[in-house]
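Chemist: Input data-v5.cif, format and content: mmCIF, C-alpha atoms and all ligand atoms.
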data_work
#
loop_
_atom_site.label_atom_id
_atom_site.label_comp_id
_atom_site.auth_asym_id
_atom_site.auth_seq_id
_atom_site.Cartn_x
_atom_site.Cartn_y
_atom_site.Cartn_z
CA MET A 18 0.00 0.00 0.00
CA SER A 19 2.76 2.45 0.93
CA ALA A 20 4.52 1.64 -2.33
CA ILE A 21 1.41 2.75 -4.22
CA VAL A 22 1.28 6.03 -2.28
CA LEU A 23 4.99 6.67 -2.83
CA GLY A 24 4.57 5.89 -6.53
CA ALA A 25 1.66 8.30 -6.80
CA VAL A 26 3.61 11.07 -5.05
CA ALA A 27 6.65 10.40 -7.21
CA SER A 28 4.57 10.83 -10.36
CA ILE A 29 2.69 13.92 -9.16
CA VAL A 30 5.80 15.97 -8.36
CA PRO A 31 7.16 16.15 -11.95
CA VAL A 32 3.68 16.80 -13.34
CA ALA A 33 3.15 19.66 -10.86
CA ALA A 34 6.56 21.11 -11.71
CA GLY A 35 5.73 20.98 -15.43
CA VAL A 36 2.35 22.67 -14.95
CA THR A 37 3.97 25.36 -12.81
CA ALA A 38 6.60 26.07 -15.47
CA LEU A 39 3.92 26.14 -18.20
CA LEU A 40 1.75 28.64 -16.34
CA ASP A 41 4.61 30.78 -15.05
CA PRO A 42 4.16 33.56 -17.66
CA LEU A 43 0.54 33.98 -16.59
CA ARG A 44 1.65 34.79 -13.05
CA LYS A 45 4.06 37.52 -14.12
CA LYS A 46 2.77 41.08 -14.12
CA GLU A 47 4.03 44.00 -16.14
CA THR A 48 6.08 46.50 -14.26
CA ALA A 49 3.78 49.16 -12.91
CA SER A 50 5.63 52.17 -14.23
CA ALA A 51 8.47 51.71 -16.66
CA GLN A 52 10.97 54.35 -17.67
CA VAL A 53 10.64 54.57 -21.44
CA PHE A 54 12.92 56.35 -23.87
CA VAL A 55 10.63 58.70 -25.81
CA THR A 56 12.78 61.06 -27.86
CA ARG A 57 15.75 63.38 -27.80
CA LEU A 58 15.70 66.84 -26.28
CA SER A 59 16.36 68.41 -29.68
CA ALA A 60 12.94 67.14 -30.85
CA VAL A 61 11.08 69.14 -28.18
CA PRO A 62 10.26 72.70 -29.34
CA GLU A 63 12.49 75.32 -27.77
CA ASP A 64 9.67 77.88 -27.58
CA GLY A 65 7.89 75.97 -24.80
CA SER A 66 5.03 74.72 -26.94
CA PRO A 67 3.99 71.11 -26.36
CA LYS A 68 4.58 68.36 -28.89
CA LYS A 69 2.98 64.93 -28.94
CA PHE A 70 5.13 61.79 -29.02
CA THR A 71 4.10 58.17 -29.29
CA VAL A 72 5.30 55.95 -26.46
CA GLU A 73 6.53 52.52 -27.48
CA MET A 74 7.41 49.67 -25.18
CA ASP A 75 8.24 46.03 -25.40
CA ARG A 76 5.08 44.23 -24.38
CA VAL A 77 4.98 40.76 -22.94
CA ASP A 78 1.86 38.66 -22.82
CA ALA A 79 1.70 35.17 -21.46
CA TRP A 80 4.20 33.63 -23.85
CA ALA A 81 5.27 36.21 -26.43
CA THR A 82 7.24 39.45 -26.49
CA TYR A 83 6.36 42.25 -28.91
CA SER A 84 9.06 44.86 -29.51
CA ASN A 85 8.42 48.59 -29.85
CA THR A 86 4.65 48.40 -29.55
CA PRO A 87 2.77 51.73 -29.26
CA VAL A 88 1.20 51.86 -25.80
CA GLY A 89 0.15 55.51 -25.61
CA ALA A 90 1.36 59.03 -26.15
CA VAL A 91 2.61 62.00 -24.19
CA TYR A 92 2.89 65.73 -24.65
CA LEU A 93 6.40 66.95 -23.90
CA ARG A 94 7.12 70.60 -23.23
CA ARG A 95 10.12 72.60 -22.12
CA THR A 96 9.24 74.60 -19.00
CA GLU A 97 10.44 78.09 -18.13
CA SER A 98 12.85 76.58 -15.60
CA GLY A 99 14.53 74.57 -18.36
CA ASP A 100 13.07 71.21 -17.38
CA VAL A 101 10.95 68.97 -19.59
CA ALA A 102 7.38 68.25 -18.49
CA ALA A 103 5.33 65.28 -19.66
CA LEU A 104 1.57 64.85 -19.72
CA ASN A 105 -0.31 61.71 -20.67
CA VAL A 106 -2.56 62.54 -23.64
CA VAL A 107 -5.46 60.51 -22.22
CA CYS A 108 -8.28 62.68 -20.89
CA PRO A 109 -9.02 61.97 -17.22
CA HIS A 110 -12.76 62.31 -17.88
CA ALA A 111 -13.49 59.28 -20.04
CA GLY A 112 -10.28 58.38 -21.80
CA CYS A 113 -10.36 60.24 -25.13
CA PHE A 114 -7.13 61.66 -26.49
CA VAL A 115 -6.70 65.33 -25.60
CA GLY A 116 -5.72 67.59 -28.49
CA LEU A 117 -3.57 70.69 -28.66
CA ALA A 118 -5.36 73.88 -29.72
CA GLU A 119 -4.26 75.46 -32.98
CA ASP A 120 -2.64 78.38 -31.17
CA LYS A 121 -0.80 75.85 -28.96
CA ALA A 122 -1.92 77.78 -25.89
CA ARG A 123 -4.14 75.13 -24.30
CA PHE A 124 -5.29 71.53 -24.55
CA GLY A 125 -8.85 70.56 -25.39
CA CYS A 126 -10.66 67.26 -25.34
CA PRO A 127 -12.85 66.70 -28.41
CA CYS A 128 -15.24 64.32 -26.66
CA HIS A 129 -16.89 66.47 -23.98
CA ASN A 130 -14.93 69.73 -24.21
CA SER A 131 -12.69 69.56 -21.18
CA SER A 132 -10.09 72.29 -21.35
CA PHE A 133 -6.62 72.38 -19.80
CA ASP A 134 -3.78 74.90 -19.70
CA LEU A 135 -0.29 73.96 -20.86
CA ASP A 136 0.55 72.61 -17.40
CA GLY A 137 -2.41 70.24 -17.78
CA VAL A 138 -4.51 72.08 -15.19
CA VAL A 139 -8.27 72.25 -15.82
CA ASN A 140 -8.82 75.85 -16.86
CA ASP A 141 -12.56 75.92 -17.46
CA PRO A 142 -14.99 75.30 -14.60
CA SER A 143 -17.46 73.74 -17.02
CA SER A 144 -14.94 71.04 -17.98
CA PRO A 145 -16.25 67.63 -16.99
CA SER A 146 -12.76 66.28 -16.29
CA PRO A 147 -12.59 65.37 -12.59
CA ARG A 148 -8.86 66.15 -12.39
CA ASP A 149 -5.98 67.76 -14.23
CA MET A 150 -4.19 65.91 -17.01
CA ASP A 151 -1.91 63.21 -15.67
CA SER A 152 1.66 64.41 -15.34
CA LEU A 153 4.48 61.88 -15.65
CA ALA A 154 8.02 61.97 -14.27
CA VAL A 155 10.74 62.83 -16.78
CA ASP A 156 14.40 61.91 -16.62
CA VAL A 157 16.89 63.50 -19.04
CA ARG A 158 19.81 61.13 -19.45
CA ASN A 159 23.15 61.64 -21.17
CA GLY A 160 22.27 65.26 -21.84
CA ASP A 161 19.56 64.70 -24.44
CA GLU A 162 17.70 61.43 -23.96
CA ILE A 163 14.20 61.96 -22.62
CA TRP A 164 12.92 59.06 -20.56
CA VAL A 165 9.39 59.13 -19.18
CA ALA A 166 7.89 57.07 -16.36
CA PHE A 167 4.93 56.13 -18.51
CA ARG A 168 1.72 54.76 -17.13
CA ASN A 169 -2.01 55.19 -17.46
CA PHE A 170 -4.52 56.12 -14.78
CA LEU A 171 -8.19 55.32 -14.35
CA PRO A 172 -10.47 57.92 -15.96
CA GLY A 173 -13.50 59.35 -14.18
CA ARG A 174 -11.84 59.70 -10.77
CA HIS A 175 -10.61 62.71 -8.82
CA ASP A 176 -7.45 60.89 -7.73
CA LYS A 177 -4.71 59.47 -9.98
CA THR A 178 -5.27 55.75 -9.63
CA PRO A 179 -2.81 53.73 -11.73
CA VAL A 180 -4.31 51.23 -14.12
S1 LIG B 1 -13.30 62.27 -22.41
FE1 LIG B 1 -12.39 64.22 -22.37
S2 LIG B 1 -13.97 65.52 -21.77
FE2 LIG B 1 -14.88 63.58 -21.76
#
What would the structure in this file look like if it were written as structure tokens?
Ligand code: FES

Modeler:
Amino acid sequence: MSAIVLGAVASIVPVAAGVTALLDPLRKKETASAQVFVTRLSAVPEDGSPKKFTVEMDRVDAWATYSNTPVGAVYLRRTESGDVAALNVVCPHAGCFVGLAEDKARFGCPCHNSSFDLDGVVNDPSSPSPRDMDSLAVDVRNGDEIWVAFRNFLPGRHDKTPV
């Protein structure tokens, strides 16, 4: 009888190890906020006007890796203090892409007319957006590489809740 139990245990262990290895990719989660190279400083207008850039990352699903996949976009702008500011283009109201006005003096959302100043602050009390545009941390490396801590946040909330 004990030989049967030992035999059963001996056969279950390798099967369990195989199943664990097979399902391992499903248990891995993407990093919450990845620093992503977006562009070079020379590509950001020197006059302080914002410019939109696509954000590309390597994406990993359960078993495959996809290189340089577009995952979103940011507005980059040189500030008066000489830093670079980044705003996620996704509107905090319901997730549409915010556009830049023709005069490049404000942002506007085409879906329900939320309006933001160039710092991403809601500048019209009738705007339905519950919060300002989502700012993202910027790191300038090697003098001209702009890296952004890119992530998305839940729309429709007053607080910035990461997706
Ligand atoms: S999604 Fe932008 S105002 Fe509604």

Chemist: Counting only C-alpha atoms and all ligand atoms, what are the residues, protein, DNA or RNA alike, that approach ligand LIG 1 (chain B) to within 8 Å? I want them as a PyMOL selection string.

Modeler: chain A and resi 107-115+125-132+144-146

Chemist: Which residue out of A:Leu135, A:Val165, A:Ala79, A:His175 has the minimum interatomic distance to Arg148 (chain A) when all atoms listed in the file are used?

Modeler: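 For Arg148 (chain A), the nearest of the given residues is A:His175.
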
Chemist: Would you work out the distance separating CA of Asp149 (chain A) from CA of Arg57 (chain A), expressed in Å to one decimal?

Modeler: 26.0 Å

Chemist: Rank nothing, just name the residue among A:Ala90, A:Leu171, A:Val139, A:Val180 nearest to Lys68 (chain A), using all atoms listed in the file.

Modeler: A:Ala90

Chemist: If we count all atoms listed in the file and set the cut-off at 9 Å, which residues sit around Thr56 (chain A), ignoring sequence neighbours fewer than 6 positions away in its own chain? Please answer as a compact mmCIF listing (two decimals) with C-alpha atoms, keeping the file's coordinate frame.

Modeler:
# COMPACT_ATOMS: atom_id res chain seq x y z
CA PHE A 70 5.13 61.79 -29.02
CA ASP A 161 19.56 64.70 -24.44
CA GLU A 162 17.70 61.43 -23.96
CA ILE A 163 14.20 61.96 -22.62
CA TRP A 164 12.92 59.06 -20.56

Chemist: Grab the CA of Ala122 (chain A) to CA of Pro172 (chain A) distance for me, in Å with one decimal place.

Modeler: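 The value is 23.8 Å.
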
Chemist: Rounded to one decimal place, report the CA of Gly99 (chain A)-CA of Ser66 (chain A) distance in Å.

Modeler: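 Answer for the CA of Gly99 (chain A) to CA of Ser66 (chain A) separation: 12.8 Å.
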
Chemist: Do a neighbour search on Leu58 (chain A) at 10 Å with only C-alpha atoms, toss out local chain neighbours closer than 6 positions, and write the hits as number ranges by chain.

Modeler: A: 93-95, 101, 157-158, 160-163

Chemist: Rank nothing, just name the residue among A:Leu153, A:Asp78, A:Val106, A:Thr96 nearest to Asp64 (chain A), using all atoms listed in the file.

Modeler: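 Looking at the shortest contact to Asp64 (chain A), the residue is A:Thr96.
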
Chemist: Nearest to Asp136 (chain A) among A:Ser59, A:Asn105, A:Asn85, A:Gln52, with distances taken over all atoms listed in the file: which residue is it?

Modeler: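 Checking each candidate against Asp136 (chain A), we get A:Asn105 as the closest.
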
Chemist: For region 111-138 of chain A, supply N, CA and C atoms and report the output as an mmCIF file, keeping the file's coordinate frame.

Modeler:
data_model
loop_
_atom_site.group_PDB
_atom_site.id
_atom_site.type_symbol
_atom_site.label_atom_id
_atom_site.label_comp_id
_atom_site.auth_asym_id
_atom_site.auth_seq_id
_atom_site.Cartn_x
_atom_site.Cartn_y
_atom_site.Cartn_z
ATOM 1 N N ALA A 111 -12.997 60.575 -19.562
ATOM 2 C CA ALA A 111 -13.490 59.280 -20.040
ATOM 3 C C ALA A 111 -12.515 58.593 -20.984
ATOM 4 N N GLY A 112 -11.306 59.129 -21.087
ATOM 5 C CA GLY A 112 -10.280 58.380 -21.800
ATOM 6 C C GLY A 112 -10.043 58.737 -23.248
ATOM 7 N N CYS A 113 -10.679 59.803 -23.764
ATOM 8 C CA CYS A 113 -10.360 60.240 -25.130
ATOM 9 C C CYS A 113 -8.951 60.833 -25.158
ATOM 10 N N PHE A 114 -8.429 61.012 -26.360
ATOM 11 C CA PHE A 114 -7.130 61.660 -26.490
ATOM 12 C C PHE A 114 -7.327 63.179 -26.533
ATOM 13 N N VAL A 115 -6.631 63.872 -25.665
ATOM 14 C CA VAL A 115 -6.700 65.330 -25.600
ATOM 15 C C VAL A 115 -5.885 65.909 -26.756
ATOM 16 N N GLY A 116 -6.423 66.945 -27.382
ATOM 17 C CA GLY A 116 -5.720 67.590 -28.490
ATOM 18 C C GLY A 116 -5.112 68.910 -28.064
ATOM 19 N N LEU A 117 -4.207 69.391 -28.908
ATOM 20 C CA LEU A 117 -3.570 70.690 -28.660
ATOM 21 C C LEU A 117 -4.262 71.720 -29.547
ATOM 22 N N ALA A 118 -4.671 72.839 -28.953
ATOM 23 C CA ALA A 118 -5.360 73.880 -29.720
ATOM 24 C C ALA A 118 -4.443 74.417 -30.810
ATOM 25 N N GLU A 119 -5.046 74.978 -31.850
ATOM 26 C CA GLU A 119 -4.260 75.460 -32.980
ATOM 27 C C GLU A 119 -3.225 76.505 -32.581
ATOM 28 N N ASP A 120 -3.595 77.359 -31.611
ATOM 29 C CA ASP A 120 -2.640 78.380 -31.170
ATOM 30 C C ASP A 120 -1.617 77.830 -30.180
ATOM 31 N N LYS A 121 -1.710 76.542 -29.866
ATOM 32 C CA LYS A 121 -0.800 75.850 -28.960
ATOM 33 C C LYS A 121 -0.761 76.489 -27.575
ATOM 34 N N ALA A 122 -1.870 77.108 -27.175
ATOM 35 C CA ALA A 122 -1.920 77.780 -25.890
ATOM 36 C C ALA A 122 -2.714 76.994 -24.851
ATOM 37 N N ARG A 123 -3.371 75.937 -25.244
ATOM 38 C CA ARG A 123 -4.140 75.130 -24.300
ATOM 39 C C ARG A 123 -4.407 73.767 -24.939
ATOM 40 N N PHE A 124 -4.849 72.846 -24.077
ATOM 41 C CA PHE A 124 -5.290 71.530 -24.550
ATOM 42 C C PHE A 124 -6.807 71.480 -24.484
ATOM 43 N N GLY A 125 -7.402 70.727 -25.405
ATOM 44 C CA GLY A 125 -8.850 70.560 -25.390
ATOM 45 C C GLY A 125 -9.214 69.132 -25.734
ATOM 46 N N CYS A 126 -10.216 68.622 -25.049
ATOM 47 C CA CYS A 126 -10.660 67.260 -25.340
ATOM 48 C C CYS A 126 -11.851 67.323 -26.294
ATOM 49 N N PRO A 127 -11.783 66.622 -27.417
ATOM 50 C CA PRO A 127 -12.850 66.700 -28.410
ATOM 51 C C PRO A 127 -14.135 65.969 -27.990
ATOM 52 N N CYS A 128 -14.052 65.140 -26.986
ATOM 53 C CA CYS A 128 -15.240 64.320 -26.660
ATOM 54 C C CYS A 128 -16.296 65.087 -25.878
ATOM 55 N N HIS A 129 -15.898 65.754 -24.793
ATOM 56 C CA HIS A 129 -16.890 66.470 -23.980
ATOM 57 C C HIS A 129 -16.371 67.846 -23.574
ATOM 58 N N ASN A 130 -15.398 68.349 -24.338
ATOM 59 C CA ASN A 130 -14.930 69.730 -24.210
ATOM 60 C C ASN A 130 -14.230 70.083 -22.898
ATOM 61 N N SER A 131 -13.551 69.159 -22.297
ATOM 62 C CA SER A 131 -12.690 69.560 -21.180
ATOM 63 C C SER A 131 -11.557 70.410 -21.723
ATOM 64 N N SER A 132 -11.124 71.362 -20.909
ATOM 65 C CA SER A 132 -10.090 72.290 -21.350
ATOM 66 C C SER A 132 -9.004 72.382 -20.279
ATOM 67 N N PHE A 133 -7.751 72.382 -20.733
ATOM 68 C CA PHE A 133 -6.620 72.380 -19.800
ATOM 69 C C PHE A 133 -5.587 73.411 -20.263
ATOM 70 N N ASP A 134 -4.872 74.013 -19.294
ATOM 71 C CA ASP A 134 -3.780 74.900 -19.700
ATOM 72 C C ASP A 134 -2.545 74.054 -20.040
ATOM 73 N N LEU A 135 -1.465 74.710 -20.398
ATOM 74 C CA LEU A 135 -0.290 73.960 -20.860
ATOM 75 C C LEU A 135 0.382 73.145 -19.764
ATOM 76 N N ASP A 136 0.056 73.445 -18.497
ATOM 77 C CA ASP A 136 0.550 72.610 -17.400
ATOM 78 C C ASP A 136 -0.380 71.419 -17.154
ATOM 79 N N GLY A 137 -1.455 71.340 -17.939
ATOM 80 C CA GLY A 137 -2.410 70.240 -17.780
ATOM 81 C C GLY A 137 -3.479 70.509 -16.749
ATOM 82 N N VAL A 138 -3.526 71.738 -16.230
ATOM 83 C CA VAL A 138 -4.510 72.080 -15.190
ATOM 84 C C VAL A 138 -5.840 72.433 -15.857
#
